[in-house]
$ cat structure_28.tsv   # TSV, C-alpha atoms and all ligand atoms
chain	number	residue	atom	x	y	z
A	224	MET	CA	97.23	113.74	98.61
A	225	ARG	CA	98.79	112.16	101.65
A	226	LYS	CA	102.21	113.25	102.84
A	227	LYS	CA	105.31	111.07	102.63
A	228	ILE	CA	107.34	111.18	105.82
A	229	VAL	CA	110.62	109.75	107.03
A	230	ALA	CA	110.93	110.20	110.80
A	231	GLY	CA	113.91	109.33	112.99
A	232	ASN	CA	113.35	108.11	116.54
A	233	TRP	CA	116.62	108.63	118.40
A	234	LYS	CA	115.22	107.00	121.56
A	235	MET	CA	117.49	107.52	124.63
A	236	ASN	CA	120.71	108.11	122.70
A	237	LYS	CA	123.28	110.89	122.27
A	238	THR	CA	124.89	113.41	124.62
A	239	PHE	CA	124.37	117.11	123.89
A	240	LYS	CA	127.50	117.39	121.71
A	241	GLU	CA	126.69	114.15	119.86
A	242	ALA	CA	123.14	115.37	119.27
A	243	GLU	CA	124.47	118.63	117.86
A	244	ASP	CA	126.83	116.76	115.53
A	245	LEU	CA	124.05	114.45	114.33
A	246	LEU	CA	121.65	117.34	113.69
A	247	PHE	CA	124.22	119.24	111.64
A	248	GLY	CA	125.23	115.99	109.92
A	249	ILE	CA	121.61	115.45	108.85
A	250	ALA	CA	121.32	119.09	107.74
A	251	ASP	CA	124.49	118.79	105.63
A	252	ALA	CA	123.46	115.49	104.08
A	253	LEU	CA	120.03	116.90	103.19
A	254	ILE	CA	121.64	119.84	101.41
A	255	SER	CA	123.34	117.37	99.05
A	256	GLY	CA	119.97	116.18	97.78
A	257	ARG	CA	116.53	115.07	98.91
A	258	PRO	CA	113.13	114.41	97.36
A	259	GLU	CA	111.01	117.55	97.51
A	260	ASP	CA	107.84	115.73	98.47
A	261	VAL	CA	109.18	113.92	101.55
A	262	GLU	CA	108.90	115.51	104.97
A	263	VAL	CA	111.84	114.72	107.24
A	264	VAL	CA	111.10	114.56	110.98
A	265	VAL	CA	113.78	114.19	113.64
A	266	CYS	CA	112.67	113.05	117.12
A	267	PRO	CA	115.55	113.48	119.57
A	268	PRO	CA	115.28	113.21	123.36
A	269	ALA	CA	113.09	116.11	124.59
A	270	LEU	CA	116.10	117.77	126.18
A	271	TYR	CA	117.47	118.58	122.73
A	272	LEU	CA	114.23	119.71	121.08
A	273	GLU	CA	114.97	123.41	121.16
A	274	LEU	CA	118.40	122.88	119.65
A	275	ALA	CA	116.87	120.54	117.07
A	276	THR	CA	114.13	122.95	116.03
A	277	ASP	CA	116.71	125.74	115.59
A	278	VAL	CA	118.69	123.57	113.15
A	279	ALA	CA	115.52	122.22	111.54
A	280	THR	CA	114.11	125.66	110.79
A	281	GLU	CA	117.28	126.61	108.94
A	282	HIS	CA	117.39	123.35	106.99
A	283	ASP	CA	113.79	122.59	106.17
A	284	PHE	CA	113.07	119.61	108.32
A	285	SER	CA	110.71	119.11	111.26
A	286	CYS	CA	111.10	117.87	114.81
A	287	GLY	CA	109.09	115.75	117.17
A	288	ALA	CA	109.11	114.47	120.74
A	289	GLN	CA	109.06	110.80	121.72
A	290	ASN	CA	106.34	111.03	124.36
A	291	LEU	CA	104.23	113.52	126.31
A	292	SER	CA	102.13	113.66	129.45
A	293	GLU	CA	98.40	113.12	129.23
A	294	HIS	CA	98.07	115.94	131.80
A	295	GLU	CA	97.93	119.63	131.02
A	296	ALA	CA	100.35	120.90	133.70
A	297	GLY	CA	101.07	120.65	137.41
A	298	ALA	CA	102.57	118.31	139.97
A	299	TYR	CA	103.76	115.48	137.72
A	300	THR	CA	107.47	115.29	138.48
A	301	GLY	CA	109.59	114.28	135.53
A	302	GLU	CA	106.82	114.64	132.97
A	303	ILE	CA	106.79	116.87	129.88
A	304	SER	CA	103.60	118.49	128.67
A	305	ALA	CA	102.28	118.95	125.15
A	306	ALA	CA	102.40	122.74	125.60
A	307	MET	CA	106.09	122.57	126.59
A	308	ILE	CA	106.90	120.46	123.54
A	309	ARG	CA	104.97	122.73	121.21
A	310	SER	CA	106.70	125.79	122.71
A	311	THR	CA	110.07	124.47	121.47
A	312	GLY	CA	108.79	124.62	117.90
A	313	ALA	CA	108.38	120.84	117.62
A	314	GLU	CA	105.46	119.76	115.44
A	315	TYR	CA	105.21	116.01	115.99
A	316	VAL	CA	105.11	113.53	118.86
A	317	ILE	CA	105.56	109.75	118.74
A	318	LEU	CA	102.87	108.06	120.86
A	319	GLY	CA	102.16	104.43	121.65
A	320	HIS	CA	105.65	103.21	120.80
A	321	SER	CA	106.03	99.55	121.78
A	322	GLU	CA	108.86	100.45	124.18
A	323	ARG	CA	106.44	102.76	126.04
A	324	ARG	CA	103.85	100.00	126.07
A	325	ILE	CA	106.28	97.30	127.26
A	326	TYR	CA	108.56	99.17	129.71
A	327	PHE	CA	106.17	101.84	130.98
A	328	GLY	CA	102.87	99.94	130.91
A	329	GLU	CA	101.16	102.31	128.48
A	330	HIS	CA	97.87	100.95	127.20
A	331	ASP	CA	95.55	102.05	124.41
A	332	GLN	CA	93.23	104.12	126.61
A	333	LEU	CA	96.11	106.13	128.08
A	334	ILE	CA	97.67	106.52	124.64
A	335	GLY	CA	94.27	107.74	123.39
A	336	LYS	CA	94.35	110.47	126.04
A	337	LYS	CA	97.86	111.42	124.97
A	338	ILE	CA	96.76	111.62	121.33
A	339	GLN	CA	93.97	114.01	122.31
A	340	GLN	CA	96.36	116.06	124.43
A	341	ALA	CA	98.78	116.32	121.50
A	342	LEU	CA	96.00	117.47	119.17
A	343	ARG	CA	94.81	120.04	121.71
A	344	HIS	CA	98.25	121.66	121.45
A	345	GLU	CA	98.58	121.36	117.69
A	346	LEU	CA	101.12	118.57	117.78
A	347	ILE	CA	100.81	115.85	115.14
A	348	PRO	CA	100.70	112.44	116.83
A	349	ILE	CA	102.60	109.59	115.16
A	350	TYR	CA	100.56	106.74	116.61
A	351	CYS	CA	102.47	103.45	116.70
A	352	CYS	CA	100.68	100.12	116.54
A	353	GLY	CA	101.87	96.59	115.85
A	354	GLU	CA	101.76	93.03	117.05
A	355	VAL	CA	104.31	90.97	118.99
A	356	LEU	CA	105.79	87.81	117.47
A	357	GLU	CA	103.48	85.37	119.25
A	358	GLU	CA	100.46	87.28	117.98
A	359	ARG	CA	101.72	87.11	114.41
A	360	GLU	CA	102.57	83.44	114.72
A	361	ALA	CA	99.09	82.77	116.07
A	362	GLY	CA	97.60	84.63	113.08
A	363	ARG	CA	96.15	87.32	115.35
A	364	HIS	CA	98.11	90.31	113.97
A	365	PHE	CA	95.18	91.93	112.14
A	366	GLN	CA	92.92	91.57	115.15
A	367	VAL	CA	95.57	93.07	117.48
A	368	VAL	CA	96.23	96.07	115.28
A	369	GLU	CA	92.52	96.68	114.70
A	370	LYS	CA	91.96	96.77	118.47
A	371	GLN	CA	94.90	99.14	119.01
A	372	LEU	CA	93.48	101.48	116.38
A	373	SER	CA	89.91	101.39	117.59
A	374	GLU	CA	90.77	101.89	121.28
A	375	ALA	CA	93.38	104.62	120.99
A	376	LEU	CA	91.49	106.56	118.30
A	377	SER	CA	88.03	106.13	119.80
A	378	GLY	CA	87.78	109.72	121.10
A	379	LEU	CA	88.42	111.31	117.71
A	380	ASP	CA	86.04	112.44	114.99
A	381	ALA	CA	87.15	112.51	111.34
A	382	GLY	CA	88.27	116.15	111.63
A	383	ALA	CA	90.57	115.50	114.57
A	384	PHE	CA	91.77	112.23	113.06
A	385	SER	CA	92.85	114.00	109.87
A	386	LYS	CA	95.91	115.32	111.76
A	387	VAL	CA	97.10	111.86	112.91
A	388	VAL	CA	99.94	109.87	111.33
A	389	ILE	CA	99.98	106.10	111.86
A	390	ALA	CA	103.15	104.01	112.18
A	391	TYR	CA	102.84	100.25	111.77
A	392	GLU	CA	105.69	98.81	113.79
A	393	PRO	CA	105.63	95.03	114.22
A	394	VAL	CA	107.28	94.61	117.62
A	395	TRP	CA	109.27	91.59	116.41
A	396	ALA	CA	110.98	93.84	113.86
A	397	ILE	CA	111.98	96.69	116.19
A	398	GLY	CA	115.71	96.76	116.85
A	399	THR	CA	116.01	93.09	115.90
A	400	GLY	CA	117.38	93.36	112.36
A	401	ARG	CA	114.37	91.29	111.26
A	402	THR	CA	112.32	93.47	108.91
A	403	ALA	CA	108.78	92.77	107.76
A	404	SER	CA	108.86	91.74	104.11
A	405	PRO	CA	107.53	94.34	101.66
A	406	GLU	CA	104.49	92.05	101.19
A	407	GLN	CA	103.84	91.81	104.93
A	408	ALA	CA	104.15	95.58	105.29
A	409	GLN	CA	101.83	96.29	102.34
A	410	GLU	CA	99.27	93.75	103.55
A	411	MET	CA	99.09	95.31	107.01
A	412	HIS	CA	99.14	98.92	105.74
A	413	ALA	CA	96.26	98.18	103.37
A	414	PHE	CA	94.39	96.55	106.26
A	415	ILE	CA	95.00	99.60	108.49
A	416	ARG	CA	93.69	101.89	105.75
A	417	LYS	CA	90.57	99.72	105.49
A	418	VAL	CA	89.98	99.90	109.25
A	419	LEU	CA	90.46	103.68	109.15
A	420	ALA	CA	88.02	103.97	106.21
A	421	SER	CA	85.33	102.10	108.11
A	422	ARG	CA	85.80	104.39	111.10
A	423	PHE	CA	86.53	107.80	109.57
A	424	GLY	CA	85.43	107.42	105.95
A	425	GLU	CA	87.36	106.63	102.79
A	426	PRO	CA	88.64	110.15	102.00
A	427	ALA	CA	90.16	110.45	105.49
A	428	ALA	CA	91.75	106.99	105.24
A	429	ASP	CA	93.15	107.80	101.77
A	430	ASP	CA	94.74	110.95	103.13
A	431	THR	CA	96.34	109.25	106.14
A	432	THR	CA	100.10	108.81	106.14
A	433	ILE	CA	100.97	105.30	107.28
A	434	LEU	CA	104.65	104.73	108.08
A	435	TYR	CA	106.46	101.43	108.40
A	436	GLY	CA	108.87	100.95	111.33
A	437	GLY	CA	111.02	98.03	112.36
A	438	SER	CA	114.65	97.52	111.27
A	439	CYS	CA	114.12	99.72	108.23
A	440	ASN	CA	117.50	100.78	106.88
A	441	ALA	CA	119.29	102.18	103.85
A	442	ALA	CA	119.41	98.72	102.25
A	443	ASN	CA	115.72	97.78	102.53
A	444	ALA	CA	113.87	101.13	102.58
A	445	ARG	CA	113.43	101.39	98.81
A	446	GLU	CA	111.60	98.05	98.57
A	447	LEU	CA	109.39	98.88	101.54
A	448	PHE	CA	108.55	102.41	100.34
A	449	ALA	CA	107.69	101.13	96.86
A	450	ASN	CA	104.43	99.71	98.21
A	451	PRO	CA	101.31	101.74	97.48
A	452	ASP	CA	100.17	101.93	101.11
A	453	VAL	CA	103.59	102.55	102.68
A	454	ASP	CA	104.03	106.30	102.92
A	455	GLY	CA	107.43	106.36	104.56
A	456	GLY	CA	109.20	105.09	107.64
A	457	LEU	CA	109.72	105.52	111.34
A	458	ILE	CA	113.40	104.77	111.76
A	459	GLY	CA	115.14	103.84	115.01
A	460	GLY	CA	118.73	102.55	114.88
A	461	ALA	CA	119.42	103.75	111.35
A	462	SER	CA	118.43	107.32	112.26
A	463	LEU	CA	121.47	107.66	114.52
A	464	LYS	CA	123.88	108.07	111.60
A	465	ALA	CA	123.24	111.08	109.40
A	466	GLU	CA	124.36	109.42	106.20
A	467	ASP	CA	122.22	106.31	106.71
A	468	PHE	CA	119.18	108.33	107.72
A	469	VAL	CA	119.38	110.61	104.70
A	470	LYS	CA	119.91	107.59	102.41
A	471	ILE	CA	116.57	106.33	103.72
A	472	VAL	CA	115.00	109.75	103.02
A	473	ASN	CA	116.28	109.38	99.47
A	474	SER	CA	114.81	105.91	99.06
A	475	PHE	CA	111.53	107.03	97.51
B	1	LIG	C1	111.55	102.27	116.38
B	1	LIG	O1	111.97	102.14	117.51
B	1	LIG	O2	110.57	103.01	116.15
B	1	LIG	C2	112.20	101.52	115.32
B	1	LIG	C3	111.60	101.40	114.18
B	1	LIG	O3	113.42	100.99	115.64
B	1	LIG	P1	114.44	100.23	114.65
B	1	LIG	O4	114.44	100.97	113.34
B	1	LIG	O5	115.77	100.31	115.34
B	1	LIG	O6	113.93	98.85	114.50
$ encode --input "structure_28.tsv" --output "C-alpha cells"
Amino acid sequence: MRKKIVAGNWKMNKTFKEAEDLLFGIADALISGRPEDVEVVVCPPALYLELATDVATEHDFSCGAQNLSEHEAGAYTGEISAAMIRSTGAEYVILGHSERRIYFGEHDQLIGKKIQQALRHELIPIYCCGEVLEEREAGRHFQVVEKQLSEALSGLDAGAFSKVVIAYEPVWAIGTGRTASPEQAQEMHAFIRKVLASRFGEPAADDTTILYGGSCNAANARELFANPDVDGGLIGGASLKAEDFVKIVNSF
C-alpha cells in the first residue's frame, strides 16, 4: 500500500524565531487531530533542519531538505551534502523543483545525480516534475513530464526507485493561485503511474506515492486528494501557516 504524504516546502522563508514558532504551531495543531495514515513532512531551509527534526521527533512528523549537492564532500563552497542533511535526522529531500530548474539551471541529468546521491545516504527524494504553461497550451504536457521522468530516473533500478516519491507540480500552478483542476491532476497522475509501470513494473508503480503541488490550499485540497492517483500534496505558500497546513493534512 502506498503512503499518503502531505509535505510543506517553506522555500526561502522565516527567520530562526519565526521557524521555531511555525514548527511548534504545526506540532500543536497536529495534536488536535490528524489522520493516522498520512505522513507529514516539513521542509524548512536547511539551516533549521536540526531544530525541525528535534520538534518532529517529539511530535511524530518528518523533515526534509529542499536541495542537496550532487557531490559527496569537499571544496564546493555554499553547498550542502546528502550526508550532512541525513546527519540532522532529516529523512526527505525535495529535488528537481521548478524554481531550482528555472533560477539555478538544474536539468534532468543533474537532478538524476542528486536523486542517486540522496538514495546513497538513505534520504527519500521527492522528485518534482511538471510542465510550463506554454507546454500545456501546446498539448505537450504528457510528453514533457514523460521526458523528465525518464531522464532523471534513468540511473535507477526498480529496487532503488521504490524509495522515490514523485510530485507533479505544473509550473503554471506554483505560487500563482491557479490550481490544476482535480480532473487535470488525476489525468496526469494516472499518466505518471503508467510511465512508471512501463519502466519499473506495475507493482512498483502502484506503490509509488505521487503528490500534487501547485497552489494547493485548505479550500481545494480535499477535492484534489479525493482522486485515486493523488496520494497527497507538496504545499508551498499554504505551508507557512500552521493552521492552514494542518487543515490540508486533515483533508483526506
Ligand atoms: C511548491 O513550491 O512546491 C508549491 C507547490 O508552491 P505553492 O503551493 O505556493 O504553489
$ closest_residue --input "structure_28.tsv" --among "A:Ser385, A:Ser321, A:Asn290, A:Gln339" --to "A:Glu425" --atoms "only C-alpha atoms"
A:Ser385
$ closest_residue --input "structure_28.tsv" --among "A:Ile308, A:Leu434, A:Ala465, A:Ala275" --to "A:Ala413" --atoms "all atoms listed in the file"
A:Leu434
$ axis_aligned_box --input "structure_28.tsv" --around "ligand LIG 1 (chain B)" --padding-each-side "4 Å" --output "AutoDock Vina command-line options"
--center_x 113.2 --center_y 100.9 --center_z 115.4 --size_x 13.2 --size_y 12.2 --size_z 12.2
$ atom_distance --input "structure_28.tsv" --atom1 "atom CA of A:Gly353" --atom2 "atom CA of A:Tyr315"
19.7 Å
$ residues_near_ligand --input "structure_28.tsv" --ligand "ligand LIG 1 (chain B)" --cutoff "6 Å" --atoms "only C-alpha atoms and all ligand atoms" --output "VMD selection string"
chain A and resid 232 396 to 398 436 to 439 457 to 460
$ build_atoms --input "structure_28.tsv" --residues "stretch 280-291 of chain A" --atoms "all heavy atoms" --output "PDB file, in the coordinates of the input"
ATOM      1  N   THR A 280     114.697 124.498 111.457  1.00  0.00           N
ATOM      2  CA  THR A 280     114.110 125.660 110.790  1.00  0.00           C
ATOM      3  C   THR A 280     115.020 126.161 109.672  1.00  0.00           C
ATOM      4  O   THR A 280     114.564 126.523 108.595  1.00  0.00           O
ATOM      5  CB  THR A 280     113.870 126.796 111.819  1.00  0.00           C
ATOM      6  OG1 THR A 280     113.197 126.231 112.928  1.00  0.00           O
ATOM      7  CG2 THR A 280     113.049 127.929 111.259  1.00  0.00           C
ATOM      8  N   GLU A 281     116.299 126.142 109.936  1.00  0.00           N
ATOM      9  CA  GLU A 281     117.280 126.610 108.940  1.00  0.00           C
ATOM     10  C   GLU A 281     117.397 125.644 107.761  1.00  0.00           C
ATOM     11  O   GLU A 281     117.843 126.020 106.684  1.00  0.00           O
ATOM     12  CB  GLU A 281     118.675 126.697 109.580  1.00  0.00           C
ATOM     13  CG  GLU A 281     118.800 127.782 110.629  1.00  0.00           C
ATOM     14  CD  GLU A 281     118.867 129.145 109.984  1.00  0.00           C
ATOM     15  OE1 GLU A 281     119.717 129.349 109.111  1.00  0.00           O
ATOM     16  OE2 GLU A 281     118.017 129.994 110.339  1.00  0.00           O
ATOM     17  N   HIS A 282     117.075 124.379 108.000  1.00  0.00           N
ATOM     18  CA  HIS A 282     117.390 123.350 106.990  1.00  0.00           C
ATOM     19  C   HIS A 282     116.177 122.572 106.522  1.00  0.00           C
ATOM     20  O   HIS A 282     116.319 121.465 105.996  1.00  0.00           O
ATOM     21  CB  HIS A 282     118.474 122.411 107.538  1.00  0.00           C
ATOM     22  CG  HIS A 282     119.774 123.110 107.763  1.00  0.00           C
ATOM     23  ND1 HIS A 282     120.700 123.307 106.777  1.00  0.00           N
ATOM     24  CD2 HIS A 282     120.260 123.710 108.865  1.00  0.00           C
ATOM     25  CE1 HIS A 282     121.723 123.977 107.256  1.00  0.00           C
ATOM     26  NE2 HIS A 282     121.480 124.241 108.532  1.00  0.00           N
ATOM     27  N   ASP A 283     115.004 123.139 106.736  1.00  0.00           N
ATOM     28  CA  ASP A 283     113.790 122.590 106.170  1.00  0.00           C
ATOM     29  C   ASP A 283     113.495 121.141 106.555  1.00  0.00           C
ATOM     30  O   ASP A 283     113.224 120.304 105.712  1.00  0.00           O
ATOM     31  CB  ASP A 283     113.860 122.750 104.631  1.00  0.00           C
ATOM     32  CG  ASP A 283     112.498 122.520 104.005  1.00  0.00           C
ATOM     33  OD1 ASP A 283     111.499 122.693 104.712  1.00  0.00           O
ATOM     34  OD2 ASP A 283     112.449 122.135 102.824  1.00  0.00           O
ATOM     35  N   PHE A 284     113.644 120.856 107.833  1.00  0.00           N
ATOM     36  CA  PHE A 284     113.070 119.610 108.320  1.00  0.00           C
ATOM     37  C   PHE A 284     112.272 119.899 109.585  1.00  0.00           C
ATOM     38  O   PHE A 284     112.222 121.048 110.042  1.00  0.00           O
ATOM     39  CB  PHE A 284     114.127 118.495 108.488  1.00  0.00           C
ATOM     40  CG  PHE A 284     115.239 118.711 109.468  1.00  0.00           C
ATOM     41  CD1 PHE A 284     115.120 118.307 110.787  1.00  0.00           C
ATOM     42  CD2 PHE A 284     116.445 119.297 109.064  1.00  0.00           C
ATOM     43  CE1 PHE A 284     116.163 118.476 111.689  1.00  0.00           C
ATOM     44  CE2 PHE A 284     117.501 119.472 109.955  1.00  0.00           C
ATOM     45  CZ  PHE A 284     117.354 119.062 111.266  1.00  0.00           C
ATOM     46  N   SER A 285     111.587 118.895 110.112  1.00  0.00           N
ATOM     47  CA  SER A 285     110.710 119.110 111.260  1.00  0.00           C
ATOM     48  C   SER A 285     111.210 118.282 112.443  1.00  0.00           C
ATOM     49  O   SER A 285     112.036 117.386 112.276  1.00  0.00           O
ATOM     50  CB  SER A 285     109.284 118.649 110.927  1.00  0.00           C
ATOM     51  OG  SER A 285     108.842 119.267 109.753  1.00  0.00           O
ATOM     52  N   CYS A 286     110.666 118.587 113.607  1.00  0.00           N
ATOM     53  CA  CYS A 286     111.100 117.870 114.810  1.00  0.00           C
ATOM     54  C   CYS A 286     109.901 117.347 115.581  1.00  0.00           C
ATOM     55  O   CYS A 286     108.802 117.910 115.493  1.00  0.00           O
ATOM     56  CB  CYS A 286     111.874 118.799 115.743  1.00  0.00           C
ATOM     57  SG  CYS A 286     113.397 119.339 114.993  1.00  0.00           S
ATOM     58  N   GLY A 287     110.151 116.304 116.341  1.00  0.00           N
ATOM     59  CA  GLY A 287     109.090 115.750 117.170  1.00  0.00           C
ATOM     60  C   GLY A 287     109.646 115.226 118.480  1.00  0.00           C
ATOM     61  O   GLY A 287     110.849 114.966 118.601  1.00  0.00           O
ATOM     62  N   ALA A 288     108.742 115.076 119.450  1.00  0.00           N
ATOM     63  CA  ALA A 288     109.110 114.470 120.740  1.00  0.00           C
ATOM     64  C   ALA A 288     108.812 112.977 120.669  1.00  0.00           C
ATOM     65  O   ALA A 288     108.190 112.500 119.719  1.00  0.00           O
ATOM     66  CB  ALA A 288     108.320 115.138 121.851  1.00  0.00           C
ATOM     67  N   GLN A 289     109.258 112.258 121.689  1.00  0.00           N
ATOM     68  CA  GLN A 289     109.060 110.800 121.720  1.00  0.00           C
ATOM     69  C   GLN A 289     107.947 110.370 122.665  1.00  0.00           C
ATOM     70  O   GLN A 289     107.646 109.185 122.793  1.00  0.00           O
ATOM     71  CB  GLN A 289     110.369 110.119 122.143  1.00  0.00           C
ATOM     72  CG  GLN A 289     111.531 110.389 121.210  1.00  0.00           C
ATOM     73  CD  GLN A 289     112.836 109.847 121.757  1.00  0.00           C
ATOM     74  OE1 GLN A 289     112.856 109.030 122.666  1.00  0.00           O
ATOM     75  NE2 GLN A 289     113.941 110.314 121.203  1.00  0.00           N
ATOM     76  N   ASN A 290     107.379 111.339 123.367  1.00  0.00           N
ATOM     77  CA  ASN A 290     106.340 111.030 124.360  1.00  0.00           C
ATOM     78  C   ASN A 290     105.818 112.359 124.878  1.00  0.00           C
ATOM     79  O   ASN A 290     106.452 113.395 124.673  1.00  0.00           O
ATOM     80  CB  ASN A 290     106.962 110.223 125.512  1.00  0.00           C
ATOM     81  CG  ASN A 290     105.953 109.824 126.567  1.00  0.00           C
ATOM     82  OD1 ASN A 290     104.770 109.584 126.274  1.00  0.00           O
ATOM     83  ND2 ASN A 290     106.387 109.761 127.809  1.00  0.00           N
ATOM     84  N   LEU A 291     104.678 112.351 125.549  1.00  0.00           N
ATOM     85  CA  LEU A 291     104.230 113.520 126.310  1.00  0.00           C
ATOM     86  C   LEU A 291     103.323 113.052 127.435  1.00  0.00           C
ATOM     87  O   LEU A 291     102.908 111.889 127.476  1.00  0.00           O
ATOM     88  CB  LEU A 291     103.541 114.557 125.406  1.00  0.00           C
ATOM     89  CG  LEU A 291     102.373 114.169 124.513  1.00  0.00           C
ATOM     90  CD1 LEU A 291     101.122 113.764 125.239  1.00  0.00           C
ATOM     91  CD2 LEU A 291     102.048 115.361 123.600  1.00  0.00           C
TER      92      LEU A 291
END
